[in-house]
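*Asks:* Structure: target.cif, mmCIF, C-alpha atoms and all ligand atoms.
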```cif
data_data
loop_
_atom_site.label_atom_id
_atom_site.label_comp_id
_atom_site.auth_asym_id
_atom_site.auth_seq_id
_atom_site.Cartn_x
_atom_site.Cartn_y
_atom_site.Cartn_z
CA MET H 1 132.31 -48.10 21.18
CA ASN H 2 130.19 -50.38 19.07
CA VAL H 3 128.92 -49.35 15.63
CA PRO H 4 126.71 -51.95 13.98
CA LEU H 5 126.29 -51.95 10.21
CA LEU H 6 122.57 -51.44 10.71
CA ASP H 7 120.52 -50.75 13.84
CA LEU H 8 116.86 -51.53 13.26
CA LYS H 9 116.07 -51.77 16.98
CA THR H 10 116.67 -48.08 17.59
CA GLN H 11 114.38 -47.15 14.71
CA TYR H 12 111.73 -49.54 16.02
CA THR H 13 111.92 -48.33 19.61
CA ARG H 14 111.37 -44.72 18.53
CA ILE H 15 108.10 -45.44 16.74
CA GLN H 16 106.97 -48.57 18.55
CA PRO H 17 103.63 -47.23 19.86
CA GLU H 18 102.50 -46.12 16.38
CA LEU H 19 103.54 -49.42 14.85
CA MET H 20 101.91 -51.55 17.51
CA LYS H 21 98.67 -49.63 17.15
CA VAL H 22 98.25 -50.53 13.47
CA VAL H 23 99.43 -54.08 14.00
CA GLU H 24 96.73 -54.51 16.63
CA GLU H 25 94.15 -52.95 14.32
CA VAL H 26 94.95 -55.42 11.54
CA CYS H 27 94.87 -58.31 13.99
CA ALA H 28 91.50 -57.16 15.35
CA GLN H 29 90.13 -57.14 11.78
CA GLN H 30 91.69 -60.51 10.84
CA ASN H 31 91.93 -59.47 7.18
CA PHE H 32 95.50 -60.31 6.32
CA ILE H 33 95.65 -60.46 2.53
CA LEU H 34 95.69 -57.27 0.42
CA GLY H 35 92.83 -54.95 1.51
CA ALA H 36 92.63 -51.29 2.46
CA HIS H 37 96.12 -50.90 3.96
CA VAL H 38 97.70 -52.31 0.80
CA GLU H 39 95.57 -50.10 -1.46
CA GLN H 40 96.37 -47.00 0.53
CA LEU H 41 100.07 -47.79 0.60
CA GLU H 42 99.98 -48.33 -3.17
CA GLN H 43 98.35 -44.93 -3.69
CA THR H 44 100.78 -43.18 -1.36
CA LEU H 45 103.81 -44.71 -3.01
CA ALA H 46 102.55 -44.15 -6.58
CA GLN H 47 102.15 -40.48 -5.73
CA PHE H 48 105.56 -40.35 -4.03
CA MET H 49 107.27 -41.82 -7.08
CA GLY H 50 105.29 -39.83 -9.62
CA VAL H 51 103.71 -42.81 -11.37
CA GLU H 52 100.09 -43.72 -12.08
CA HIS H 53 100.13 -47.17 -10.52
CA ALA H 54 101.81 -49.14 -7.77
CA ILE H 55 101.18 -52.82 -7.07
CA GLY H 56 102.15 -54.38 -3.75
CA VAL H 57 103.76 -57.83 -4.04
CA ALA H 58 105.47 -60.34 -1.77
CA SER H 59 109.09 -59.26 -2.27
CA GLY H 60 111.48 -57.28 -4.42
CA SER H 61 112.47 -60.50 -6.16
CA ASP H 62 108.84 -61.14 -7.03
CA ALA H 63 108.48 -57.56 -8.28
CA LEU H 64 111.27 -58.34 -10.76
CA LEU H 65 109.91 -61.79 -11.61
CA LEU H 66 106.36 -60.52 -12.21
CA SER H 67 107.72 -57.67 -14.34
CA LEU H 68 109.47 -60.22 -16.56
CA MET H 69 106.41 -62.51 -16.60
CA GLU H 70 104.25 -59.59 -17.63
CA LEU H 71 106.54 -59.19 -20.65
CA ASP H 72 106.02 -62.87 -21.43
CA ILE H 73 109.76 -63.56 -21.33
CA GLN H 74 110.33 -66.99 -22.87
CA PRO H 75 113.05 -69.64 -22.51
CA GLY H 76 116.07 -68.55 -24.52
CA ASP H 77 115.20 -64.86 -24.46
CA GLU H 78 117.97 -62.52 -23.39
CA VAL H 79 117.74 -59.88 -20.68
CA LEU H 80 120.52 -57.33 -20.39
CA THR H 81 121.67 -56.53 -16.87
CA VAL H 82 124.79 -56.04 -14.75
CA PRO H 83 127.06 -58.61 -13.08
CA PHE H 84 127.59 -56.35 -10.04
CA THR H 85 124.34 -56.57 -8.08
CA PHE H 86 122.42 -58.76 -5.67
CA PHE H 87 121.65 -62.19 -7.11
CA ALA H 88 117.89 -61.57 -7.30
CA SER H 89 118.37 -59.21 -10.27
CA THR H 90 119.46 -62.15 -12.43
CA GLY H 91 118.00 -65.11 -10.56
CA VAL H 92 114.53 -64.09 -11.77
CA ILE H 93 115.74 -64.09 -15.40
CA SER H 94 117.13 -67.59 -15.02
CA ARG H 95 113.99 -68.84 -13.31
CA LEU H 96 112.09 -68.12 -16.52
CA HIS H 97 114.80 -70.05 -18.41
CA ALA H 98 115.81 -66.83 -20.09
CA ARG H 99 119.45 -65.79 -20.25
CA PRO H 100 121.07 -62.95 -18.32
CA VAL H 101 123.44 -61.14 -20.69
CA PHE H 102 125.80 -58.97 -18.73
CA VAL H 103 126.94 -55.42 -19.36
CA ASP H 104 129.78 -54.12 -17.17
CA VAL H 105 129.26 -51.26 -14.72
CA CYS H 106 130.94 -47.85 -14.42
CA ALA H 107 133.87 -47.80 -12.00
CA ASP H 108 132.69 -44.71 -10.15
CA THR H 109 128.93 -45.26 -9.75
CA PHE H 110 128.75 -49.09 -9.92
CA THR H 111 125.75 -48.79 -12.26
CA LEU H 112 125.28 -50.06 -15.83
CA ASP H 113 127.76 -48.57 -18.30
CA SER H 114 125.36 -47.26 -20.91
CA LEU H 115 128.16 -46.87 -23.48
CA GLN H 116 128.50 -50.67 -23.61
CA LEU H 117 124.77 -51.34 -23.87
CA ALA H 118 123.92 -51.03 -27.58
CA ASP H 119 126.60 -53.56 -28.61
CA LYS H 120 124.98 -56.26 -26.49
CA ILE H 121 121.58 -56.07 -28.14
CA THR H 122 120.56 -59.02 -30.31
CA PRO H 123 117.24 -60.07 -31.87
CA ARG H 124 116.66 -62.15 -28.70
CA THR H 125 116.98 -59.19 -26.31
CA LYS H 126 113.59 -58.82 -24.64
CA ALA H 127 114.31 -56.47 -21.76
CA ILE H 128 116.95 -54.24 -20.21
CA LEU H 129 117.22 -54.45 -16.43
CA PRO H 130 119.43 -51.71 -14.94
CA VAL H 131 120.06 -51.67 -11.19
CA HIS H 132 120.11 -48.46 -9.12
CA LEU H 133 122.84 -49.89 -6.94
CA PHE H 134 123.43 -48.67 -3.36
CA GLY H 135 120.81 -45.91 -3.75
CA GLN H 136 121.78 -43.99 -6.89
CA CYS H 137 120.01 -44.16 -10.25
CA ALA H 138 121.70 -45.68 -13.26
CA ASP H 139 122.19 -43.53 -16.38
CA MET H 140 118.49 -43.75 -17.28
CA GLU H 141 118.43 -41.14 -20.05
CA ALA H 142 121.02 -43.02 -22.08
CA ILE H 143 119.58 -46.44 -21.21
CA ASN H 144 116.06 -45.37 -22.19
CA GLU H 145 117.36 -43.91 -25.42
CA VAL H 146 119.05 -47.17 -26.46
CA ALA H 147 115.94 -49.07 -25.34
CA ALA H 148 113.62 -46.83 -27.35
CA THR H 149 115.80 -47.07 -30.46
CA HIS H 150 115.49 -50.85 -30.38
CA GLY H 151 111.94 -51.01 -28.99
CA ILE H 152 113.04 -52.90 -25.88
CA PRO H 153 111.25 -52.40 -22.53
CA VAL H 154 113.18 -51.35 -19.42
CA ILE H 155 112.64 -52.86 -15.97
CA GLU H 156 114.26 -50.86 -13.18
CA ASP H 157 115.69 -52.72 -10.21
CA ALA H 158 115.09 -49.91 -7.72
CA CYS H 159 115.17 -52.19 -4.67
CA GLN H 160 117.96 -50.15 -3.04
CA ALA H 161 116.84 -46.78 -4.32
CA ILE H 162 113.44 -45.78 -2.95
CA GLY H 163 113.26 -41.97 -3.14
CA ALA H 164 116.37 -41.57 -5.30
CA VAL H 165 115.98 -38.83 -7.90
CA ARG H 166 117.70 -38.33 -11.23
CA ASN H 167 117.22 -35.05 -13.08
CA GLY H 168 113.87 -34.49 -11.39
CA ILE H 169 112.53 -38.02 -11.91
CA LYS H 170 112.22 -40.57 -9.12
CA ALA H 171 113.60 -44.10 -9.26
CA GLY H 172 110.82 -46.36 -10.50
CA ALA H 173 109.37 -43.75 -12.85
CA PHE H 174 111.80 -44.27 -15.76
CA GLY H 175 110.98 -47.74 -16.97
CA ARG H 176 108.02 -49.81 -18.08
CA THR H 177 108.07 -51.02 -14.48
CA GLY H 178 110.07 -50.15 -11.37
CA CYS H 179 110.77 -52.81 -8.75
CA PHE H 180 111.10 -52.11 -5.03
CA SER H 181 111.87 -54.23 -1.98
CA PHE H 182 110.73 -53.76 1.61
CA PHE H 183 113.26 -56.26 2.96
CA PRO H 184 114.04 -55.02 6.49
CA SER H 185 117.48 -53.64 5.58
CA LYS H 186 116.19 -51.48 2.72
CA ASN H 187 115.56 -47.76 3.32
CA LEU H 188 111.85 -48.48 3.80
CA GLY H 189 111.78 -51.88 5.49
CA ALA H 190 108.85 -54.05 6.55
CA PHE H 191 108.62 -56.58 9.39
CA GLY H 192 109.56 -59.28 6.91
CA ASP H 193 109.44 -59.58 3.14
CA GLY H 194 107.49 -57.25 0.86
CA GLY H 195 107.81 -55.55 -2.51
CA LEU H 196 106.19 -53.15 -4.94
CA ILE H 197 105.98 -52.60 -8.69
CA THR H 198 105.45 -49.13 -10.17
CA THR H 199 104.27 -48.32 -13.68
CA HIS H 200 102.80 -45.47 -15.73
CA ASP H 201 100.87 -47.92 -17.94
CA SER H 202 97.37 -48.91 -16.83
CA GLN H 203 97.32 -52.07 -18.94
CA VAL H 204 100.60 -53.24 -17.44
CA ALA H 205 99.24 -52.42 -13.97
CA GLU H 206 96.06 -54.36 -14.64
CA ARG H 207 97.97 -57.46 -15.78
CA LEU H 208 100.30 -57.28 -12.78
CA ARG H 209 97.34 -57.01 -10.39
CA LEU H 210 95.93 -60.19 -11.90
CA MET H 211 99.26 -61.98 -11.97
CA ARG H 212 99.88 -61.53 -8.25
CA VAL H 213 96.65 -63.49 -7.55
CA HIS H 214 97.12 -66.44 -9.93
CA GLY H 215 95.83 -64.42 -12.86
CA SER H 216 92.26 -64.42 -11.63
CA ARG H 217 89.89 -61.51 -12.09
CA SER H 218 87.11 -63.20 -10.17
CA GLU H 219 87.59 -66.15 -7.89
CA TYR H 220 88.34 -69.45 -9.68
CA HIS H 221 88.33 -67.82 -13.12
CA HIS H 222 91.88 -67.47 -14.40
CA HIS H 223 92.69 -65.16 -17.31
CA LEU H 224 96.45 -65.32 -17.07
CA ILE H 225 99.04 -67.60 -15.53
CA GLY H 226 100.31 -65.79 -12.49
CA MET H 227 101.42 -66.77 -9.02
CA ASN H 228 100.75 -66.05 -5.37
CA SER H 229 102.64 -62.87 -4.64
CA ARG H 230 100.70 -60.48 -2.47
CA LEU H 231 101.73 -57.89 0.05
CA ASP H 232 100.36 -58.72 3.51
CA ALA H 233 98.01 -56.25 5.19
CA LEU H 234 100.26 -56.32 8.27
CA GLN H 235 103.30 -55.35 6.23
CA ALA H 236 101.38 -52.61 4.40
CA ALA H 237 100.13 -51.18 7.71
CA VAL H 238 103.67 -51.12 9.11
CA LEU H 239 105.01 -49.59 5.89
CA ARG H 240 102.39 -46.84 5.93
CA VAL H 241 103.55 -45.78 9.38
CA LYS H 242 107.21 -45.98 8.42
CA PHE H 243 106.70 -44.15 5.12
CA GLN H 244 105.88 -40.95 7.05
CA TYR H 245 109.50 -40.98 8.23
CA LEU H 246 111.15 -41.96 4.94
CA ASP H 247 112.13 -38.46 3.81
CA ASP H 248 113.53 -37.67 7.24
CA TRP H 249 115.50 -40.94 7.34
CA THR H 250 116.84 -40.30 3.84
CA THR H 251 117.95 -36.79 4.84
CA LYS H 252 119.76 -38.29 7.83
CA ARG H 253 121.51 -40.87 5.65
CA GLN H 254 122.62 -38.02 3.36
CA ALA H 255 123.79 -35.96 6.34
CA ASN H 256 125.80 -38.94 7.63
CA ALA H 257 127.36 -39.32 4.19
CA ALA H 258 128.28 -35.62 4.24
CA THR H 259 129.87 -36.02 7.69
CA PHE H 260 131.88 -39.01 6.47
CA ARG H 261 133.10 -37.00 3.48
CA ARG H 262 134.15 -34.07 5.65
CA LEU H 263 135.96 -36.29 8.15
CA PHE H 264 137.71 -38.40 5.51
CA GLN H 265 139.07 -35.15 4.16
CA GLU H 266 140.03 -33.77 7.58
CA TYR H 267 141.90 -36.98 8.41
CA GLY H 268 143.69 -36.89 5.06
CA LEU H 269 142.24 -40.20 3.96
CA GLU H 270 141.10 -39.24 0.47
CA GLU H 271 144.19 -40.76 -1.06
CA ARG H 272 143.66 -44.01 0.79
CA VAL H 273 140.01 -44.62 0.04
CA THR H 274 137.65 -43.70 -2.76
CA LEU H 275 134.38 -42.30 -1.47
CA PRO H 276 131.05 -42.90 -3.21
CA VAL H 277 130.76 -40.84 -6.37
CA VAL H 278 127.40 -39.16 -6.93
CA GLU H 279 126.83 -38.52 -10.59
CA GLN H 280 125.69 -35.05 -11.65
CA GLY H 281 121.90 -34.86 -11.61
CA ASN H 282 121.56 -37.72 -9.11
CA THR H 283 120.30 -37.57 -5.55
CA HIS H 284 121.78 -40.57 -3.70
CA VAL H 285 119.70 -42.14 -0.92
CA TYR H 286 122.60 -44.16 0.51
CA ASN H 287 121.08 -47.54 1.14
CA GLN H 288 124.80 -48.29 1.32
CA PHE H 289 127.81 -46.04 1.80
CA THR H 290 130.37 -47.97 -0.19
CA ILE H 291 134.03 -47.01 -0.24
CA ARG H 292 136.86 -48.53 -2.26
CA THR H 293 140.36 -49.43 -1.15
CA CYS H 294 143.00 -51.89 -2.33
CA LYS H 295 143.49 -52.84 1.35
CA ARG H 296 139.83 -53.85 1.63
CA ASP H 297 140.12 -57.27 3.30
CA GLU H 298 142.62 -56.06 5.91
CA LEU H 299 140.54 -52.96 6.63
CA SER H 300 137.37 -55.02 6.98
CA GLY H 301 139.03 -57.34 9.51
CA TYR H 302 140.49 -54.40 11.44
CA LEU H 303 137.08 -52.70 11.68
CA ILE H 304 135.48 -55.92 12.93
CA GLU H 305 138.12 -56.15 15.67
CA LYS H 306 137.15 -52.61 16.68
CA ASN H 307 133.43 -53.43 16.75
CA ILE H 308 132.58 -51.58 13.56
CA GLY H 309 130.13 -53.39 11.32
CA ASN H 310 130.96 -53.54 7.63
CA ARG H 311 130.09 -55.73 4.68
CA ILE H 312 131.22 -56.54 1.18
CA TYR H 313 128.46 -55.95 -1.34
CA TYR H 314 129.25 -57.95 -3.48
CA PRO H 315 132.27 -60.23 -3.22
CA VAL H 316 131.59 -62.55 -6.18
CA PRO H 317 130.50 -61.07 -9.53
CA LEU H 318 127.42 -62.82 -10.88
CA HIS H 319 129.10 -63.97 -14.11
CA LEU H 320 131.56 -65.94 -11.96
CA GLN H 321 128.96 -67.60 -9.72
CA GLU H 322 128.98 -71.38 -9.58
CA CYS H 323 125.37 -71.61 -10.72
CA TYR H 324 126.17 -69.55 -13.83
CA LYS H 325 129.03 -71.75 -15.10
CA THR H 326 126.77 -72.83 -17.95
CA LEU H 327 126.52 -69.25 -19.21
CA GLY H 328 130.13 -69.62 -20.33
CA TYR H 329 131.53 -66.42 -18.92
CA GLN H 330 135.13 -66.22 -17.73
CA LYS H 331 137.29 -64.27 -15.38
CA GLY H 332 138.30 -61.07 -17.16
CA ASP H 333 135.02 -60.69 -19.06
CA PHE H 334 133.84 -57.78 -16.88
CA PRO H 335 136.99 -56.14 -15.51
CA VAL H 336 135.31 -53.15 -13.86
CA THR H 337 132.97 -55.40 -11.89
CA GLU H 338 135.74 -57.83 -10.97
CA HIS H 339 137.97 -55.02 -9.71
CA ALA H 340 135.09 -53.49 -7.73
CA ALA H 341 134.33 -56.85 -6.11
CA GLN H 342 137.88 -56.83 -4.72
CA GLU H 343 137.82 -53.28 -3.42
CA VAL H 344 134.36 -52.34 -2.18
CA LEU H 345 133.43 -52.07 1.47
CA SER H 346 130.14 -50.79 2.84
CA LEU H 347 130.21 -48.84 6.10
CA PRO H 348 127.39 -48.06 8.59
CA ILE H 349 125.22 -45.21 7.23
CA TYR H 350 121.78 -45.84 8.83
CA PRO H 351 119.79 -42.75 9.92
CA GLU H 352 120.18 -43.25 13.68
CA LEU H 353 123.99 -43.31 13.49
CA ASN H 354 125.29 -40.50 15.71
CA PRO H 355 128.20 -38.11 15.07
CA SER H 356 130.47 -39.67 17.68
CA GLN H 357 130.01 -43.05 16.03
CA ILE H 358 130.97 -41.60 12.65
CA ILE H 359 134.05 -39.99 14.18
CA TYR H 360 134.99 -43.33 15.74
CA VAL H 361 134.65 -45.09 12.36
CA VAL H 362 136.84 -42.55 10.56
CA GLU H 363 139.41 -42.43 13.39
CA THR H 364 139.64 -46.20 13.30
CA ILE H 365 140.13 -46.20 9.54
CA LYS H 366 142.87 -43.58 10.01
CA GLN H 367 144.54 -45.81 12.62
CA PHE H 368 144.38 -48.71 10.22
CA PHE H 369 146.07 -46.83 7.40
CA ASP H 370 148.70 -45.43 9.78
CA SER H 371 149.49 -48.98 10.89
CA VAL H 372 149.95 -50.32 7.33
CA LYS H 373 152.06 -47.39 6.10
C1 LIG F 401 117.04 -56.45 -2.00
C2 LIG F 401 117.28 -56.51 -3.46
C3 LIG F 401 116.49 -57.31 -4.30
C4 LIG F 401 115.49 -58.31 -3.83
O1 LIG F 401 114.60 -57.92 -2.91
P1 LIG F 401 113.91 -58.97 -1.92
O2 LIG F 401 112.77 -58.18 -1.36
O3 LIG F 401 114.93 -59.36 -0.91
O4 LIG F 401 113.43 -60.12 -2.74
C5 LIG F 401 116.71 -57.22 -5.67
N1 LIG F 401 117.66 -56.43 -6.18
C6 LIG F 401 118.46 -55.68 -5.40
C7 LIG F 401 119.49 -54.81 -6.03
C8 LIG F 401 118.30 -55.71 -4.01
O5 LIG F 401 119.12 -54.97 -3.25
#
```
In C-alpha cells, how does this file's structure come out?
*Replies:*
Amino acid sequence: MNVPLLDLKTQYTRIQPELMKVVEEVCAQQNFILGAHVEQLEQTLAQFMGVEHAIGVASGSDALLLSLMELDIQPGDEVLTVPFTFFASTGVISRLHARPVFVDVCADTFTLDSLQLADKITPRTKAILPVHLFGQCADMEAINEVAATHGIPVIEDACQAIGAVRNGIKAGAFGRTGCFSFFPSKNLGAFGDGGLITTHDSQVAERLRLMRVHGSRSEYHHHLIGMNSRLDALQAAVLRVKFQYLDDWTTKRQANAATFRRLFQEYGLEERVTLPVVEQGNTHVYNQFTIRTCKRDELSGYLIEKNIGNRIYYPVPLHLQECYKTLGYQKGDFPVTEHAAQEVLSLPIYPELNPSQIIYVVETIKQFFDSVK
C-alpha cells in the first residue's frame, strides 16, 4: 500500500468538470486580474468567517505583509509572535525591518502561550501575531485581552486554519485582520498561490484594498504606498468551486482524525505517541495531524520505507535559523518549541484518505514500536 502525505490529484479528479468549466469561462473572458470572481469569493468568505470584509491578495505571506504595512510598522518596531511556525509568519516582519520578538508555545497545542505574552510587551511592541498552527485557534480570548490592555492590534495568522472555530468564533474574526493562504496544500487550496485578509473594520479594509494595487484609488493616482498583490480571477474562480466542498472536506479530515485516535487506542499506542490535543472550546480543522514521539526520526524513516508519507513541521525553530543569528537568540531560549521541533511528526490526514489506508498507517506504526521495544 502507498499512503501519500497529501493527494491533490484525487480531489481534482472528482471535481474536474466543474473546475474546468469555470477555468474556460475566465479564459473566454480574458479578464484575469481581480473582477467579479474575486469579489464574489470575497463576499462568500467574509460571510463564512463572520466578518464584514475580505480582501483577496496574492498569497498568505502577502496577507501578513499587507496587514503589517497597513499598521505602518516601522524599522525597529517589535512584533510579538511564536518561534514554532512556518517562516512566513516572521519573514514579513523582518522584511519591514521590524523585529520579531518570540513568545514560546504551549506544549500541547503548539500555539502561543498567552501566559508568557504580557511580559514581552515593550513600548516598541506594535502588533501581536498569533498563529493558529495545524488548524486549531490560539488562545484568542487571553491574547485579545492582553492586546486590549496595552492597545496593541492583533494580526491572526490563520493560514492553516480556515473554518476553525473557537468558542463560536471563526479563525480570522478575532483580530484586527485575519490572514489566510490558498497555497495548494492548505485546506482550501488554489491552482497556485493566493491569499485573503479578513477584517471587521471598514477603514482597514479600504486601506488594504488600495494597498494591494499600489495604493491607487484611481489609475495613476496613488494615495498610499502599497504593492502589487492581487488574487487572480482564475484562482478565485477555482476557489469558489472548491469552497462548496470545504465543510465536507473538513468533516472528513475530522473523521480521519477520530479514526486515528480510535485505532491508536486499540493498538495500545497511546503511551508511545502523543496525539494532537484539541483545547476545550476549539474545533480543529486538521490541516495537519501532528503526533509527538521521542523516536520521531526513526519512525519517520520507517514510515518512508513502508510508503507512508510524513513530514516534520517544523524541524528548526525560527529563533535558531541562520538568517536570524543577528536577533541574538540562543538554544534554550524557547524550550517548549525546541523540544517540539525534535518530536513532532505530521501524518497523512487529507479528506480522501480511506479507512484501509489509516489502518495501514497505524499498523505500521505499531510494527515500528514493536521492533524498537
Ligand atoms: C502557508 C502559511 C503561510 C504562508 O502562506 P503562503 O500562501 O504560502 O504565502 C503563512 N503562515 C503559515 C502558518 C502557513 O502555514
*Asks:* Pick out the closest residue to Pro348 (chain H) from this set: H:Asp113, H:Asp248, H:Glu24, H:Asp7. Count only C-alpha atoms.
*Replies:*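 The closest residue to Pro348 (chain H) is H:Asp7.
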*Asks:* Please, which residues in chain H fall within 10 Å of ligand LIG 401 (chain F) when counting all atoms listed in the file, and what is the closest atom pair and distance in Å to one decimal for each, ordered by chain then residue number, as a Markdown table?
*Replies:*
```
| residue | atom | partner | partner_atom | distance |
| --- | --- | --- | --- | --- |
| H:Val57 | CA | F:LIG401 | O2 | 9.4 |
| H:Ala58 | CA | F:LIG401 | O2 | 7.6 |
| H:Ser59 | CA | F:LIG401 | O2 | 3.9 |
| H:Gly60 | CA | F:LIG401 | O2 | 3.4 |
| H:Ser61 | CA | F:LIG401 | O4 | 3.6 |
| H:Asp62 | CA | F:LIG401 | O4 | 6.4 |
| H:Ala63 | CA | F:LIG401 | O4 | 7.9 |
| H:Leu64 | CA | F:LIG401 | C5 | 7.5 |
| H:Leu65 | CA | F:LIG401 | O4 | 9.7 |
| H:Phe84 | CA | F:LIG401 | C7 | 9.2 |
| H:Thr85 | CA | F:LIG401 | C7 | 5.6 |
| H:Phe86 | CA | F:LIG401 | C7 | 4.9 |
| H:Phe87 | CA | F:LIG401 | N1 | 7.1 |
| H:Ala88 | CA | F:LIG401 | C5 | 4.8 |
| H:Ser89 | CA | F:LIG401 | N1 | 5.0 |
| H:Thr90 | CA | F:LIG401 | N1 | 8.7 |
| H:Gly91 | CA | F:LIG401 | C5 | 9.4 |
| H:Val92 | CA | F:LIG401 | C5 | 9.4 |
| H:Pro130 | CA | F:LIG401 | C7 | 9.4 |
| H:Val131 | CA | F:LIG401 | C7 | 6.1 |
| H:His132 | CA | F:LIG401 | C7 | 7.1 |
| H:Leu133 | CA | F:LIG401 | C7 | 6.0 |
| H:Phe134 | CA | F:LIG401 | O5 | 7.6 |
| H:Gly135 | CA | F:LIG401 | O5 | 9.2 |
| H:Glu156 | CA | F:LIG401 | N1 | 9.6 |
| H:Asp157 | CA | F:LIG401 | N1 | 5.8 |
| H:Ala158 | CA | F:LIG401 | C7 | 6.8 |
| H:Cys159 | CA | F:LIG401 | C8 | 4.8 |
| H:Gln160 | CA | F:LIG401 | O5 | 5.0 |
| H:Ala161 | CA | F:LIG401 | O5 | 8.6 |
| H:Cys179 | CA | F:LIG401 | C5 | 8.0 |
| H:Phe180 | CA | F:LIG401 | O1 | 7.1 |
| H:Ser181 | CA | F:LIG401 | O2 | 4.1 |
| H:Phe182 | CA | F:LIG401 | O2 | 5.7 |
| H:Phe183 | CA | F:LIG401 | O2 | 4.8 |
| H:Pro184 | CA | F:LIG401 | O2 | 8.6 |
| H:Ser185 | CA | F:LIG401 | C1 | 8.1 |
| H:Lys186 | CA | F:LIG401 | C1 | 6.9 |
| H:Gly189 | CA | F:LIG401 | O2 | 9.4 |
| H:Ala190 | CA | F:LIG401 | O2 | 9.7 |
| H:Gly192 | CA | F:LIG401 | O2 | 8.9 |
| H:Asp193 | CA | F:LIG401 | O2 | 5.8 |
| H:Gly194 | CA | F:LIG401 | O2 | 5.8 |
| H:Gly195 | CA | F:LIG401 | O2 | 5.7 |
| H:Leu196 | CA | F:LIG401 | O2 | 9.0 |
| H:Asn287 | CA | F:LIG401 | O5 | 8.8 |
| H:Gln288 | CA | F:LIG401 | O5 | 9.9 |
| H:Tyr313 | CA | F:LIG401 | O5 | 9.6 |
```
*Asks:* Need to verify the contact set: Ile152 (chain H), 9 Å, only C-alpha atoms, exclusion of same-chain residues closer than 5 positions in sequence. Can you return it as a list of chain:residue names?
*Replies:*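 In the requested format, the answer is H:Thr125, H:Lys126, H:Ala127, H:Ile128, H:Asn144, H:Val146, H:Ala147.
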*Asks:* Might you pull out every residue within 7 Å of Thr109 (chain H), with only C-alpha atoms counted and same-chain residues fewer than 3 positions away left off, and present them as a list of chain:residue names?
*Replies:* H:Cys106, H:Val277, H:Val278
*Asks:* Just give me the gap between CA of Val361 (chain H) and CA of Leu347 (chain H) in Å, one decimal is fine.
*Replies:*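 Result for CA of Val361 (chain H) versus CA of Leu347 (chain H): 8.5 Å, one decimal.
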*Asks:* Mind pulling up the distance from CA of Cys27 (chain H) to CA of Leu210 (chain H)?
*Replies:*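 For CA of Leu210 (chain H) relative to CA of Cys27 (chain H), the distance reads 26.0 Å.
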*Asks:* Would you work out the distance separating CA of Trp249 (chain H) from CA of Tyr267 (chain H), expressed in Å to one decimal?
*Replies:*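 Distance reported for this atom pair: 26.7 Å.
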*Asks:* Excluding same-chain residues fewer than 5 positions from Leu345 (chain H), what lies within 10 Å of it counting only C-alpha atoms, as a ChimeraX atom specification?
*Replies:* /H:288-293,296-297,299-300,310-315,340
*Asks:* Complete region 200-212 of chain H at the level of N, CA and C atoms, written as a PDB file, in the frame of the given file.
*Replies:*
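Result file is part24.pdb:
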```
ATOM      1  N   HIS H 200     103.664 -46.539 -15.213  1.00  0.00           N
ATOM      2  CA  HIS H 200     102.800 -45.470 -15.730  1.00  0.00           C
ATOM      3  C   HIS H 200     101.636 -46.061 -16.527  1.00  0.00           C
ATOM      4  N   ASP H 201     101.756 -47.319 -16.936  1.00  0.00           N
ATOM      5  CA  ASP H 201     100.870 -47.920 -17.940  1.00  0.00           C
ATOM      6  C   ASP H 201      99.725 -48.684 -17.263  1.00  0.00           C
ATOM      7  N   SER H 202      98.483 -48.252 -17.539  1.00  0.00           N
ATOM      8  CA  SER H 202      97.370 -48.910 -16.830  1.00  0.00           C
ATOM      9  C   SER H 202      97.153 -50.349 -17.270  1.00  0.00           C
ATOM     10  N   GLN H 203      97.494 -50.671 -18.522  1.00  0.00           N
ATOM     11  CA  GLN H 203      97.320 -52.070 -18.940  1.00  0.00           C
ATOM     12  C   GLN H 203      98.346 -52.984 -18.265  1.00  0.00           C
ATOM     13  N   VAL H 204      99.561 -52.478 -18.154  1.00  0.00           N
ATOM     14  CA  VAL H 204     100.600 -53.240 -17.440  1.00  0.00           C
ATOM     15  C   VAL H 204     100.160 -53.427 -15.986  1.00  0.00           C
ATOM     16  N   ALA H 205      99.672 -52.360 -15.373  1.00  0.00           N
ATOM     17  CA  ALA H 205      99.240 -52.420 -13.970  1.00  0.00           C
ATOM     18  C   ALA H 205      98.121 -53.451 -13.801  1.00  0.00           C
ATOM     19  N   GLU H 206      97.183 -53.434 -14.715  1.00  0.00           N
ATOM     20  CA  GLU H 206      96.060 -54.360 -14.640  1.00  0.00           C
ATOM     21  C   GLU H 206      96.535 -55.815 -14.714  1.00  0.00           C
ATOM     22  N   ARG H 207      97.454 -56.083 -15.658  1.00  0.00           N
ATOM     23  CA  ARG H 207      97.970 -57.460 -15.780  1.00  0.00           C
ATOM     24  C   ARG H 207      98.731 -57.868 -14.515  1.00  0.00           C
ATOM     25  N   LEU H 208      99.520 -56.951 -13.975  1.00  0.00           N
ATOM     26  CA  LEU H 208     100.300 -57.280 -12.780  1.00  0.00           C
ATOM     27  C   LEU H 208      99.379 -57.550 -11.585  1.00  0.00           C
ATOM     28  N   ARG H 209      98.294 -56.786 -11.493  1.00  0.00           N
ATOM     29  CA  ARG H 209      97.340 -57.010 -10.390  1.00  0.00           C
ATOM     30  C   ARG H 209      96.705 -58.389 -10.495  1.00  0.00           C
ATOM     31  N   LEU H 210      96.464 -58.834 -11.715  1.00  0.00           N
ATOM     32  CA  LEU H 210      95.930 -60.190 -11.900  1.00  0.00           C
ATOM     33  C   LEU H 210      97.002 -61.234 -11.599  1.00  0.00           C
ATOM     34  N   MET H 211      98.202 -60.962 -12.084  1.00  0.00           N
ATOM     35  CA  MET H 211      99.260 -61.980 -11.970  1.00  0.00           C
ATOM     36  C   MET H 211      99.666 -62.246 -10.533  1.00  0.00           C
ATOM     37  N   ARG H 212      99.485 -61.274  -9.654  1.00  0.00           N
ATOM     38  CA  ARG H 212      99.880 -61.530  -8.250  1.00  0.00           C
ATOM     39  C   ARG H 212      98.837 -62.394  -7.534  1.00  0.00           C
TER      40      ARG H 212
END
```
